[in-house]
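Below is structure_7.cif, holding mmCIF, C-alpha atoms.
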```
data_protein
loop_
_atom_site.label_atom_id
_atom_site.label_comp_id
_atom_site.auth_asym_id
_atom_site.auth_seq_id
_atom_site.Cartn_x
_atom_site.Cartn_y
_atom_site.Cartn_z
CA MET V 1 24.75 14.21 -1.30
CA TYR V 2 22.79 13.06 -4.34
CA ALA V 3 19.57 11.05 -4.10
CA LYS V 4 19.02 8.31 -6.68
CA TYR V 5 15.81 7.64 -8.54
CA ILE V 6 14.54 4.40 -10.09
CA LYS V 7 12.50 4.12 -13.26
CA LYS V 8 9.87 1.47 -12.45
CA GLU V 9 7.79 -0.34 -15.05
CA ILE V 10 4.10 -0.75 -14.28
CA PRO V 11 1.35 -2.89 -15.86
CA ASP V 12 -0.42 -1.62 -18.97
CA LEU V 13 -3.86 -1.29 -17.38
CA ASN V 14 -5.46 0.36 -20.42
CA GLY V 15 -4.27 -2.20 -22.98
CA THR V 16 -2.42 0.41 -25.06
CA GLY V 17 0.57 -1.87 -25.66
CA ARG V 18 2.91 0.91 -24.54
CA THR V 19 5.29 0.48 -21.63
CA GLN V 20 4.10 2.50 -18.65
CA ALA V 21 6.54 3.85 -16.07
CA TYR V 22 6.81 5.97 -12.98
CA TYR V 23 9.77 7.24 -10.97
CA LYS V 24 10.49 6.59 -7.32
CA MET V 25 13.34 7.58 -5.05
CA GLU V 26 15.80 4.91 -3.94
CA LEU V 27 15.47 5.16 -0.17
CA THR V 28 18.25 4.70 2.40
CA PRO V 29 17.03 4.12 5.99
CA LYS V 30 18.08 6.66 8.62
CA SER V 31 17.59 5.46 12.19
CA PHE V 32 15.88 7.51 14.88
CA GLU V 33 19.19 7.80 16.75
CA GLU V 34 20.99 9.10 13.66
CA PHE V 35 18.22 11.62 12.99
CA VAL V 36 18.27 12.96 16.56
CA SER V 37 22.07 13.13 16.53
CA GLN V 38 22.04 15.10 13.27
CA CYS V 39 19.40 17.53 14.60
CA ALA V 40 21.42 18.08 17.78
CA ARG V 41 24.66 18.59 15.91
CA GLU V 42 23.32 20.99 13.29
CA GLY V 43 20.98 22.82 15.69
CA HIS V 44 23.59 23.10 18.48
CA THR V 45 21.13 21.50 20.90
CA GLU V 46 21.45 18.73 23.46
CA GLU V 47 20.19 15.35 22.23
CA SER V 48 18.27 14.89 25.49
CA SER V 49 16.29 18.08 24.78
CA ILE V 50 15.36 16.91 21.28
CA LEU V 51 14.35 13.48 22.60
CA GLY V 52 12.16 15.09 25.24
CA VAL V 53 10.35 17.30 22.73
CA LEU V 54 9.82 14.45 20.23
CA SER V 55 8.48 12.18 22.98
CA LEU V 56 6.04 14.85 24.13
CA VAL V 57 4.89 15.59 20.57
CA SER V 58 4.32 11.88 19.88
CA GLU V 59 2.34 11.40 23.09
CA LYS V 60 0.13 14.48 22.66
CA LEU V 61 -0.36 13.84 18.95
CA ALA V 62 -1.76 10.38 19.72
CA LEU V 63 -4.03 11.81 22.43
CA CYS V 64 -5.43 14.55 20.18
CA MET V 65 -6.08 12.13 17.29
CA ALA V 66 -7.75 9.69 19.73
CA GLU V 67 -10.11 12.51 20.75
CA GLY V 68 -11.13 13.12 17.13
CA TYR V 69 -8.87 16.03 16.23
CA SER V 70 -6.83 16.50 13.08
CA VAL V 71 -3.53 18.08 14.08
CA LYS V 72 -1.61 20.46 11.81
CA LEU V 73 2.09 20.91 12.53
CA ASP V 74 3.25 23.91 10.55
CA GLY V 75 6.04 23.04 8.14
CA ILE V 76 5.45 19.31 8.65
CA GLY V 77 1.87 18.34 7.86
CA THR V 78 -1.54 17.28 9.13
CA PHE V 79 -2.20 14.06 11.04
CA TYR V 80 -5.53 12.31 11.67
CA ALA V 81 -6.75 8.85 12.64
CA LYS V 82 -8.22 6.33 10.18
CA LEU V 83 -10.99 3.94 11.24
CA GLY V 84 -11.83 0.38 10.24
CA VAL V 85 -13.73 -2.61 11.54
CA ARG V 86 -12.19 -5.26 13.78
CA ASP V 87 -13.30 -8.10 11.49
CA ASP V 88 -12.63 -7.03 7.90
CA LYS V 89 -14.25 -10.22 6.58
CA LEU V 90 -17.67 -8.73 7.29
CA GLN V 91 -19.27 -6.19 5.00
CA ASP V 92 -21.76 -3.60 6.19
CA ALA V 93 -24.81 -2.71 4.17
CA PHE V 94 -25.65 0.98 4.25
CA GLU V 95 -29.41 0.60 3.86
CA GLU V 96 -31.65 0.76 6.92
CA GLY V 97 -32.80 -2.56 8.27
CA GLU V 98 -29.42 -4.23 7.69
CA SER V 99 -27.16 -5.32 10.52
CA ARG V 100 -25.53 -2.44 12.39
CA ARG V 101 -22.25 -2.29 14.23
CA ASN V 102 -21.65 -0.80 17.65
CA ALA V 103 -18.67 1.29 18.66
CA HIS V 104 -16.83 -1.71 20.11
CA SER V 105 -16.49 -3.29 16.66
CA ILE V 106 -14.76 -0.23 15.16
CA ARG V 107 -11.14 0.68 15.87
CA VAL V 108 -8.29 2.93 14.75
CA THR V 109 -6.51 1.09 11.92
CA GLY V 110 -3.96 3.70 10.94
CA VAL V 111 -2.84 7.31 10.92
CA ALA V 112 -3.13 9.39 7.76
CA TYR V 113 -0.58 12.09 7.01
CA ARG V 114 -0.85 14.95 4.52
CA ALA V 115 2.44 16.76 3.99
CA ASP V 116 2.59 20.53 4.42
CA ASN V 117 3.28 22.33 1.14
CA ASP V 118 6.24 24.11 2.75
CA LEU V 119 7.81 20.73 3.56
CA ILE V 120 7.28 19.54 -0.01
CA ARG V 121 8.81 22.70 -1.46
CA ALA V 122 11.77 22.58 0.93
CA THR V 123 12.43 18.92 0.10
CA SER V 124 12.29 19.65 -3.63
CA ARG V 125 14.57 22.66 -3.27
CA LYS V 126 17.23 20.70 -1.37
CA CYS V 127 17.00 17.57 -3.55
CA THR V 128 19.53 16.84 -6.31
CA LEU V 129 18.76 13.65 -8.20
CA GLU V 130 20.88 11.23 -10.19
CA ARG V 131 19.85 8.15 -12.13
CA GLY V 132 19.76 4.94 -10.12
CA GLY V 133 18.45 1.80 -11.79
CA VAL V 134 15.55 0.32 -13.71
CA SER V 135 12.93 -2.01 -12.24
CA ARG V 136 11.01 -4.13 -14.76
CA ILE V 137 7.87 -6.20 -14.28
CA ARG V 138 8.26 -9.94 -14.10
CA LYS V 139 6.58 -11.13 -17.28
CA SER V 140 4.90 -14.48 -17.76
CA LYS V 141 5.68 -16.73 -20.73
CA LEU V 142 2.01 -17.76 -20.76
CA THR V 143 -0.80 -15.98 -22.59
CA PRO V 144 -3.70 -14.56 -20.52
CA ALA V 145 -5.89 -17.48 -21.67
CA GLU V 146 -3.25 -20.01 -20.62
CA ARG V 147 -2.90 -18.34 -17.22
CA ALA V 148 -6.67 -18.42 -16.67
CA GLN V 149 -6.73 -22.11 -17.59
CA LYS V 150 -3.92 -22.84 -15.13
CA ALA V 151 -5.97 -21.11 -12.43
CA ARG V 152 -9.04 -23.23 -13.23
CA ASP V 153 -6.93 -26.41 -13.28
CA PHE V 154 -5.50 -25.49 -9.88
CA LEU V 155 -8.99 -24.90 -8.46
CA GLU V 156 -10.18 -28.28 -9.79
CA LYS V 157 -7.69 -29.87 -7.38
CA ASN V 158 -7.81 -27.33 -4.54
CA MET V 159 -10.68 -25.72 -2.66
CA PHE V 160 -9.38 -22.18 -3.12
CA MET V 161 -6.50 -20.12 -4.49
CA ARG V 162 -4.73 -17.04 -3.17
CA VAL V 163 -2.55 -14.50 -4.98
CA PRO V 164 0.78 -16.24 -4.06
CA ASP V 165 -0.54 -19.44 -5.66
CA TYR V 166 -1.28 -17.57 -8.89
CA VAL V 167 2.18 -15.97 -8.80
CA ARG V 168 3.78 -19.43 -8.64
CA LEU V 169 1.54 -20.76 -11.42
CA THR V 170 2.09 -17.91 -13.86
CA GLY V 171 5.40 -16.23 -13.07
CA LEU V 172 3.73 -12.81 -12.78
CA SER V 173 4.69 -10.26 -10.15
CA ARG V 174 2.43 -10.15 -7.10
CA THR V 175 0.91 -6.81 -8.12
CA THR V 176 0.12 -7.94 -11.67
CA ALA V 177 -1.17 -11.31 -10.47
CA SER V 178 -3.50 -9.61 -7.98
CA MET V 179 -4.92 -7.25 -10.63
CA GLU V 180 -5.38 -10.08 -13.14
CA LEU V 181 -7.22 -12.24 -10.61
CA ARG V 182 -9.56 -9.37 -9.80
CA ARG V 183 -10.33 -9.00 -13.52
CA LEU V 184 -11.00 -12.73 -13.84
CA ALA V 185 -13.33 -12.66 -10.85
CA LEU V 186 -15.33 -9.83 -12.45
CA ASP V 187 -15.64 -11.71 -15.76
CA PRO V 188 -18.66 -14.09 -15.63
CA THR V 189 -17.14 -16.21 -18.42
CA SER V 190 -13.82 -16.87 -16.62
CA GLY V 191 -15.20 -19.60 -14.35
CA ILE V 192 -13.56 -17.94 -11.35
CA SER V 193 -15.06 -15.86 -8.55
CA SER V 194 -13.73 -14.32 -5.34
CA LYS V 195 -14.70 -14.44 -1.68
CA GLY V 196 -13.59 -12.41 1.33
CA THR V 197 -12.01 -8.98 1.32
CA ARG V 198 -8.56 -7.43 1.54
CA SER V 199 -6.02 -9.75 3.21
CA GLN V 200 -8.70 -12.44 3.55
CA LYS V 201 -9.53 -12.52 -0.16
CA PHE V 202 -9.35 -15.83 -2.01
CA TYR V 203 -10.58 -17.28 -5.31
CA VAL V 204 -12.78 -20.29 -6.07
CA LEU V 205 -14.44 -21.90 -9.07
CA ARG V 206 -17.58 -20.05 -10.07
CA LYS V 207 -20.74 -22.03 -9.45
CA ALA V 208 -22.76 -22.83 -12.57
#
```

Structure translated into structure tokens:
Amino acid sequence: MYAKYIKKEIPDLNGTGRTQAYYKMELTPKSFEEFVSQCAREGHTEESSILGVLSLVSEKLALCMAEGYSVKLDGIGTFYAKLGVRDDKLQDAFEEGESRRNAHSIRVTGVAYRADNDLIRATSRKCTLERGGVSRIRKSKLTPAERAQKARDFLEKNMFMRVPDYVRLTGLSRTTASMELRRLALDPTSGISSKGTRSQKFYVLRKA
């Protein structure tokens, strides 16, 4: 079976005027049940045995990561827990004398995974690619100056603006709109500044 790849256009972050691109695989979901069934069929093993082993691995993997271990599964990869704060609207200052958090305000926010080189090599060796499609960036008919003015006009009538608002105003893709808003917020002459962080980030008119 051939896997398809997509040529995806990305924003010109360096202002070179050249179209930038990267390639990604076109993914088809395979359910857990299908995966277990395939393993059982090709490994001549009972599905119940595979389910039991996977359940045990999942349970013990979570326990080991919760105790502060990084776990390496040969041929698969290394797993370890990622930490974050419960309220991502607050920023910590590193310097002494600033407010400090206690352990109750920090939690596990994700699990990081680093693939084993053997798994990468095996995947590459078994993979045969064919061309899929092309994904282009949604381009705005407005110039950067016109887009910035639309943002300021919007903020004259509204208390704040989020990325989806800017997408509707300009016709840009969400990724490009987010990057452009961050650039505007860093430019003291744009008249726009940002507040909050991550998913709580929003934009307001810069105070004179």

Result set of the PyMOL selection byres ((chain V and resi 162) around 8) on the coordinates above, as a ChimeraX atom specification: /V:160-161,163-166,201-203

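The two atoms in question, CA of Val53 in chain V and CA of Ala112 in chain V, are spaced 21.6 Å apart.
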
Within 12 Å of file point (-4.8, 11.8, 9.1), counting all atoms listed in the file, expressed as a PyMOL selection string: chain V and resi 61-62+64-66+68-73+77-83+108-115

With range 169-174 of chain V as the partner and 9 Å as the cut-off, tabulate the residues of range 108-151 of chain V that qualify, each row holding the nearest pair of atoms and their distance in Å to one decimal, using only C-alpha atoms, sorted by chain and rising number, as JSON lines.
```
{"residue": "V:Ile137", "atom": "CA", "partner": "V:Ser173", "partner_atom": "CA", "distance": 6.6}
{"residue": "V:Arg138", "atom": "CA", "partner": "V:Ser173", "partner_atom": "CA", "distance": 5.3}
{"residue": "V:Lys139", "atom": "CA", "partner": "V:Leu172", "partner_atom": "CA", "distance": 5.6}
{"residue": "V:Ser140", "atom": "CA", "partner": "V:Gly171", "partner_atom": "CA", "distance": 5.0}
{"residue": "V:Lys141", "atom": "CA", "partner": "V:Gly171", "partner_atom": "CA", "distance": 7.7}
{"residue": "V:Leu142", "atom": "CA", "partner": "V:Thr170", "partner_atom": "CA", "distance": 6.9}
{"residue": "V:Glu146", "atom": "CA", "partner": "V:Thr170", "partner_atom": "CA", "distance": 8.9}
{"residue": "V:Arg147", "atom": "CA", "partner": "V:Thr170", "partner_atom": "CA", "distance": 6.0}
{"residue": "V:Lys150", "atom": "CA", "partner": "V:Leu169", "partner_atom": "CA", "distance": 6.9}
{"residue": "V:Ala151", "atom": "CA", "partner": "V:Leu169", "partner_atom": "CA", "distance": 7.6}
```

Residues near Ser37 in chain V, cut-off 12 Å, all atoms listed in the file, skip fewer than 6 positions along chain, as a VMD selection string: chain V and resid 30 to 31 43 to 51

Distance in Å - CA of Ala40 in chain V versus CA of Ser124 in chain V: 23.3 Å

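Between CA of Ala208 in chain V and CA of Pro144 in chain V the separation is 22.2 Å.
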
Result set of the PyMOL selection byres ((chain V and resi 27-29) around 12) on the coordinates above, as number ranges by chain: V: 2-6, 24-26, 30-35, 132
